[in-house]
Amino acid sequence: MPLLTDQSPETLRASHAVLQERYAVLKGRGLKLDMTRGKPAPEQLDLAEGLLALPGNRDHLTETGEDARNYGGIQGLPEVRRLFAGVLGAAPEQIAVGNNSSLALMHDCLVYALLKGVPGGAGPWSREGEIRFLCPIPGYDRHFALCETYGIVMETVPMTPAGPDMAVVEDRVRDPRVKGMWCVPQYSNPGGETYADETVERLARMETGAPDFRLFWDNAYALHHLTERRPVLRNVLEAAAEAGHPDRPFVFASTSKVTLAGAGLAFFAASPANLRWYLAQAGKRSIGPDKLNQLRHARFLAQDGALDRLMDSHRRLLAPKFKAVTDTLERQLGGTGAARWTTPEGGYFVLLEVPEGCATRVVELAAGCGLAMTPAGATHPYGRDPHDRTLRLAPSYPSLSDVEAAAEVIALCTLLAATEARIRAAEHGR
C-alpha cells in the first residue's frame, strides 16, 4: 500500500471499506489475547524451576556460617552481593539485597527521602514545598505512579537514541525543586534505548540546583538481551564518583525477569554514604530479608557462566516473539506511513508510534477484536499522552502463536485508525 498521505480521498475511502471488512473477519474469530504487561511467560519461569528444590533439606548455612532461617542480615548475603556485583557495577560492600521487587526498593527510597531526607540534603524533602522529578518520555508507568501517589510534580524530558535529551535535562535541573530523575538506562522501557557514554557522564557531572538531587537508576533490563550484541553501559557509580558527585545515583535491579518474577531478589547499589542511609531506614522497617531465597539463588547460580546461560535461554524464548511483532508490522504497515516502531536489541517492549490522535482509537479497535493492550497514555505521566500517539507492546507473556495473532490485530487496527484519521484530514483540506 502506498503512503496514506499520497492517496486521494476516494482511494482512502475504498481502502477503508476493505479494512473494515478485514476487521469484521478478525472480530468474528472470538480471540481472547492479552498484551498489557511485560510478564515472563510460563516457559521462562520453568527455566528457574530448579530453585524450588533449593536450598535443600538442612542446607541453610551461608558461607559465613550464618543460619539463613533466622532474623538479621539486613544488607543481604555476601555471596549473593558478590554474585551480582558485576551486573550492578558496584563492590559487594556497596550493595544491599531485598526481596522480589526492585519497585519496592524504589518506593522505599522515595518515601525515606520524603520523610527523612538523603545524605547531603537539608532535611526531609516533604518539608521543602513542591518537589519535582524529571521523567523521560515515553517511560515507565509505575515510576510515574509513584510520583503521582506522593504528590511529586513530574516534568517530561524527550528521549533520543542516546538517552534523555541532555540539553533539556541540564536546563531543568538548575531548579532546586527538581530533586530526582527516573532513568531506565539500558533497553529503556519502552523505547529500548541504551544510554550513550556521554549521556551517562553528563548526568553524573551536571550542576544541579538541589544539592541532594538523585538519579533513580532502574537498570531493570541489564541482562535482557534479544540479540548477540551486548552494548556496554557506562558505570554510573564510577562516573558520578569521578565527577565529584558520588552520592547522586541510586542504582536498582532485580532478578524478577531472570529467575522467578514472584520470588526473585531486588538490589540497591550506591555510594557508601547512601548505603548507610538506606540500611539505617530499612533496618527499622524490617528485621531482615528472606535469606533462604537469597541462599537458593546463590546455589542455583553458583557455577561459572550459569547466569549467562540462563539469560541465553530466555533470549531463545523471547527473540522469536519480538521478531513476530516487528515482522508483522513491517509486512502490514511498511511503506504506508501509518506507524513507526522499534526493533529492540533487548528489554521487554516494542514501542509503536501511530499518527497523532490515533493511539486511543487503536486500543479501542483492538479491544473489539478481543486483544487487551496497555492503555494509550501509560507511557506518559498522569496517563496522558498529549499527542495520543504512543503505544507500548508487550510480547513476552503470550505464546508465540498468540503473539502472531495479536500482531496481526495491532497492525490492522493501526492501519484502520490511521486511514480514518487521514480521511478526516482530507475532508478538512489538511
# chains A, B, ... in the order shown; residues from 1 in each chain; ligands from 1
>>> residues_around(residues="A:Ala241", least_positions_apart="5", cutoff="10 Å", atoms="only C-alpha atoms", output="list in words")
Ala204, Arg205, Val236, Pro246, Asp247, Arg248, Pro249 and Ser271 of chain A
>>> closest_residue(among="A:His107, A:Gly180, A:Glu10, A:Val97", to="A:Ala145", atoms="only C-alpha atoms")
A:His107
>>> residues_around(residues="A:His224", least_positions_apart="4", cutoff="9 Å", atoms="only C-alpha atoms", output="PyMOL selection string")
chain A and resi 187+220+257-258+311-312+314-315+345-348
>>> atom_distance(atom1="atom CA of A:Val200", atom2="atom CA of A:Tyr140")
19.1 Å
>>> select_by_dssp(residues="stretch 76-117 of chain A", states="alpha helix (DSSP H)", output="list in words")
Pro78, Glu79, Val80, Arg81, Arg82, Leu83, Ala85, Gly86, Val87, Leu88, Ser102, Leu103, Ala104, Leu105, Met106, His107, Asp108, Cys109, Leu110, Val111, Tyr112, Ala113, Leu114, Leu115 and Lys116 of chain A
>>> closest_atom_pairs(of="stretch 209-263 of chain A", to="stretch 76-89 of chain A", cutoff="10 Å", atoms="only C-alpha atoms", output="JSON lines")
{"residue": "A:Asn219", "atom": "CA", "partner": "A:Leu88", "partner_atom": "CA", "distance": 8.1}
{"residue": "A:Ala222", "atom": "CA", "partner": "A:Val87", "partner_atom": "CA", "distance": 7.2}
{"residue": "A:Leu223", "atom": "CA", "partner": "A:Val87", "partner_atom": "CA", "distance": 7.8}
{"residue": "A:Leu233", "atom": "CA", "partner": "A:Gly89", "partner_atom": "CA", "distance": 9.8}
{"residue": "A:Arg234", "atom": "CA", "partner": "A:Gly89", "partner_atom": "CA", "distance": 9.2}
{"residue": "A:Asn235", "atom": "CA", "partner": "A:Gly89", "partner_atom": "CA", "distance": 6.1}
{"residue": "A:Val236", "atom": "CA", "partner": "A:Gly89", "partner_atom": "CA", "distance": 8.1}
{"residue": "A:Leu237", "atom": "CA", "partner": "A:Gly89", "partner_atom": "CA", "distance": 7.2}
{"residue": "A:Glu238", "atom": "CA", "partner": "A:Gly89", "partner_atom": "CA", "distance": 8.2}
{"residue": "A:Val251", "atom": "CA", "partner": "A:Leu88", "partner_atom": "CA", "distance": 7.4}
{"residue": "A:Phe252", "atom": "CA", "partner": "A:Leu88", "partner_atom": "CA", "distance": 7.9}
{"residue": "A:Ala253", "atom": "CA", "partner": "A:Leu88", "partner_atom": "CA", "distance": 7.3}
{"residue": "A:Ser254", "atom": "CA", "partner": "A:Phe84", "partner_atom": "CA", "distance": 9.6}
{"residue": "A:Thr255", "atom": "CA", "partner": "A:Phe84", "partner_atom": "CA", "distance": 9.8}
>>> decode(residues="stretch 70-109 of chain A", atoms="N, CA and C atoms", output="short mmCIF file (atom, residue, chain, number, x, y, z; two decimals), in the first residue's frame")
data_model
loop_
_atom_site.label_atom_id
_atom_site.label_comp_id
_atom_site.auth_asym_id
_atom_site.auth_seq_id
_atom_site.Cartn_x
_atom_site.Cartn_y
_atom_site.Cartn_z
N ASN A 70 17.02 -17.59 60.18
CA ASN A 70 16.76 -16.72 61.32
C ASN A 70 16.71 -15.26 60.90
N TYR A 71 16.43 -14.41 61.89
CA TYR A 71 16.40 -12.97 61.67
C TYR A 71 17.78 -12.43 61.30
N GLY A 72 17.78 -11.15 60.86
CA GLY A 72 19.04 -10.44 60.68
C GLY A 72 19.49 -10.37 59.23
N GLY A 73 20.70 -9.85 59.06
CA GLY A 73 21.30 -9.77 57.73
C GLY A 73 20.60 -8.78 56.82
N ILE A 74 20.36 -7.57 57.33
CA ILE A 74 19.57 -6.60 56.57
C ILE A 74 20.22 -6.25 55.23
N GLN A 75 21.54 -6.35 55.12
CA GLN A 75 22.20 -5.99 53.86
C GLN A 75 22.14 -7.11 52.84
N GLY A 76 21.86 -8.32 53.26
CA GLY A 76 21.83 -9.45 52.33
C GLY A 76 23.09 -10.27 52.39
N LEU A 77 23.05 -11.49 51.88
CA LEU A 77 24.16 -12.42 51.98
C LEU A 77 25.35 -11.96 51.13
N PRO A 78 26.56 -12.06 51.68
CA PRO A 78 27.74 -11.65 50.91
C PRO A 78 27.89 -12.40 49.60
N GLU A 79 27.56 -13.70 49.58
CA GLU A 79 27.74 -14.47 48.34
C GLU A 79 26.80 -14.00 47.23
N VAL A 80 25.62 -13.52 47.62
CA VAL A 80 24.68 -13.01 46.62
C VAL A 80 25.13 -11.63 46.14
N ARG A 81 25.58 -10.79 47.05
CA ARG A 81 26.07 -9.46 46.66
C ARG A 81 27.28 -9.58 45.73
N ARG A 82 28.11 -10.56 46.01
CA ARG A 82 29.29 -10.78 45.17
C ARG A 82 28.86 -11.31 43.79
N LEU A 83 27.86 -12.17 43.77
CA LEU A 83 27.40 -12.78 42.53
C LEU A 83 26.86 -11.74 41.55
N PHE A 84 26.21 -10.67 42.07
CA PHE A 84 25.59 -9.67 41.21
C PHE A 84 26.35 -8.35 41.18
N ALA A 85 27.55 -8.33 41.75
CA ALA A 85 28.32 -7.09 41.76
C ALA A 85 28.62 -6.59 40.35
N GLY A 86 28.95 -7.52 39.45
CA GLY A 86 29.25 -7.11 38.08
C GLY A 86 28.06 -6.52 37.37
N VAL A 87 26.88 -7.09 37.60
CA VAL A 87 25.66 -6.58 36.97
C VAL A 87 25.37 -5.17 37.46
N LEU A 88 25.59 -4.93 38.75
CA LEU A 88 25.27 -3.64 39.35
C LEU A 88 26.39 -2.62 39.20
N GLY A 89 27.58 -3.08 38.87
CA GLY A 89 28.70 -2.16 38.74
C GLY A 89 29.14 -1.57 40.06
N ALA A 90 29.06 -2.37 41.11
CA ALA A 90 29.40 -1.89 42.45
C ALA A 90 30.13 -2.98 43.22
N ALA A 91 30.95 -2.57 44.17
CA ALA A 91 31.58 -3.53 45.05
C ALA A 91 30.51 -4.19 45.93
N PRO A 92 30.70 -5.45 46.31
CA PRO A 92 29.69 -6.10 47.16
C PRO A 92 29.35 -5.32 48.41
N GLU A 93 30.35 -4.58 48.95
CA GLU A 93 30.12 -3.81 50.16
C GLU A 93 29.17 -2.64 49.93
N GLN A 94 28.94 -2.28 48.66
CA GLN A 94 28.05 -1.15 48.34
C GLN A 94 26.69 -1.61 47.82
N ILE A 95 26.34 -2.86 48.11
CA ILE A 95 25.09 -3.44 47.61
C ILE A 95 24.26 -3.93 48.78
N ALA A 96 22.96 -3.74 48.69
CA ALA A 96 22.00 -4.36 49.60
C ALA A 96 21.04 -5.21 48.78
N VAL A 97 20.63 -6.33 49.36
CA VAL A 97 19.72 -7.26 48.68
C VAL A 97 18.38 -7.26 49.39
N GLY A 98 17.32 -7.08 48.62
CA GLY A 98 15.97 -7.11 49.18
C GLY A 98 15.19 -8.28 48.65
N ASN A 99 13.89 -8.21 48.81
CA ASN A 99 13.02 -9.29 48.34
C ASN A 99 12.67 -9.09 46.87
N ASN A 100 11.55 -9.59 46.40
CA ASN A 100 11.42 -9.82 44.96
C ASN A 100 11.27 -8.59 44.09
N SER A 101 10.95 -7.42 44.62
CA SER A 101 10.60 -6.30 43.75
C SER A 101 11.55 -5.12 43.90
N SER A 102 12.24 -4.77 42.81
CA SER A 102 13.04 -3.54 42.86
C SER A 102 12.14 -2.32 42.94
N LEU A 103 10.90 -2.43 42.44
CA LEU A 103 9.96 -1.33 42.57
C LEU A 103 9.72 -1.01 44.05
N ALA A 104 9.69 -2.03 44.89
CA ALA A 104 9.51 -1.80 46.32
C ALA A 104 10.69 -1.01 46.89
N LEU A 105 11.92 -1.31 46.43
CA LEU A 105 13.08 -0.57 46.89
C LEU A 105 13.01 0.88 46.42
N MET A 106 12.58 1.10 45.18
CA MET A 106 12.43 2.47 44.69
C MET A 106 11.40 3.22 45.51
N HIS A 107 10.29 2.56 45.78
CA HIS A 107 9.24 3.17 46.61
C HIS A 107 9.81 3.55 47.97
N ASP A 108 10.53 2.62 48.60
CA ASP A 108 11.05 2.89 49.94
C ASP A 108 12.05 4.04 49.92
N CYS A 109 12.94 4.05 48.94
CA CYS A 109 13.92 5.13 48.87
C CYS A 109 13.23 6.48 48.67
#
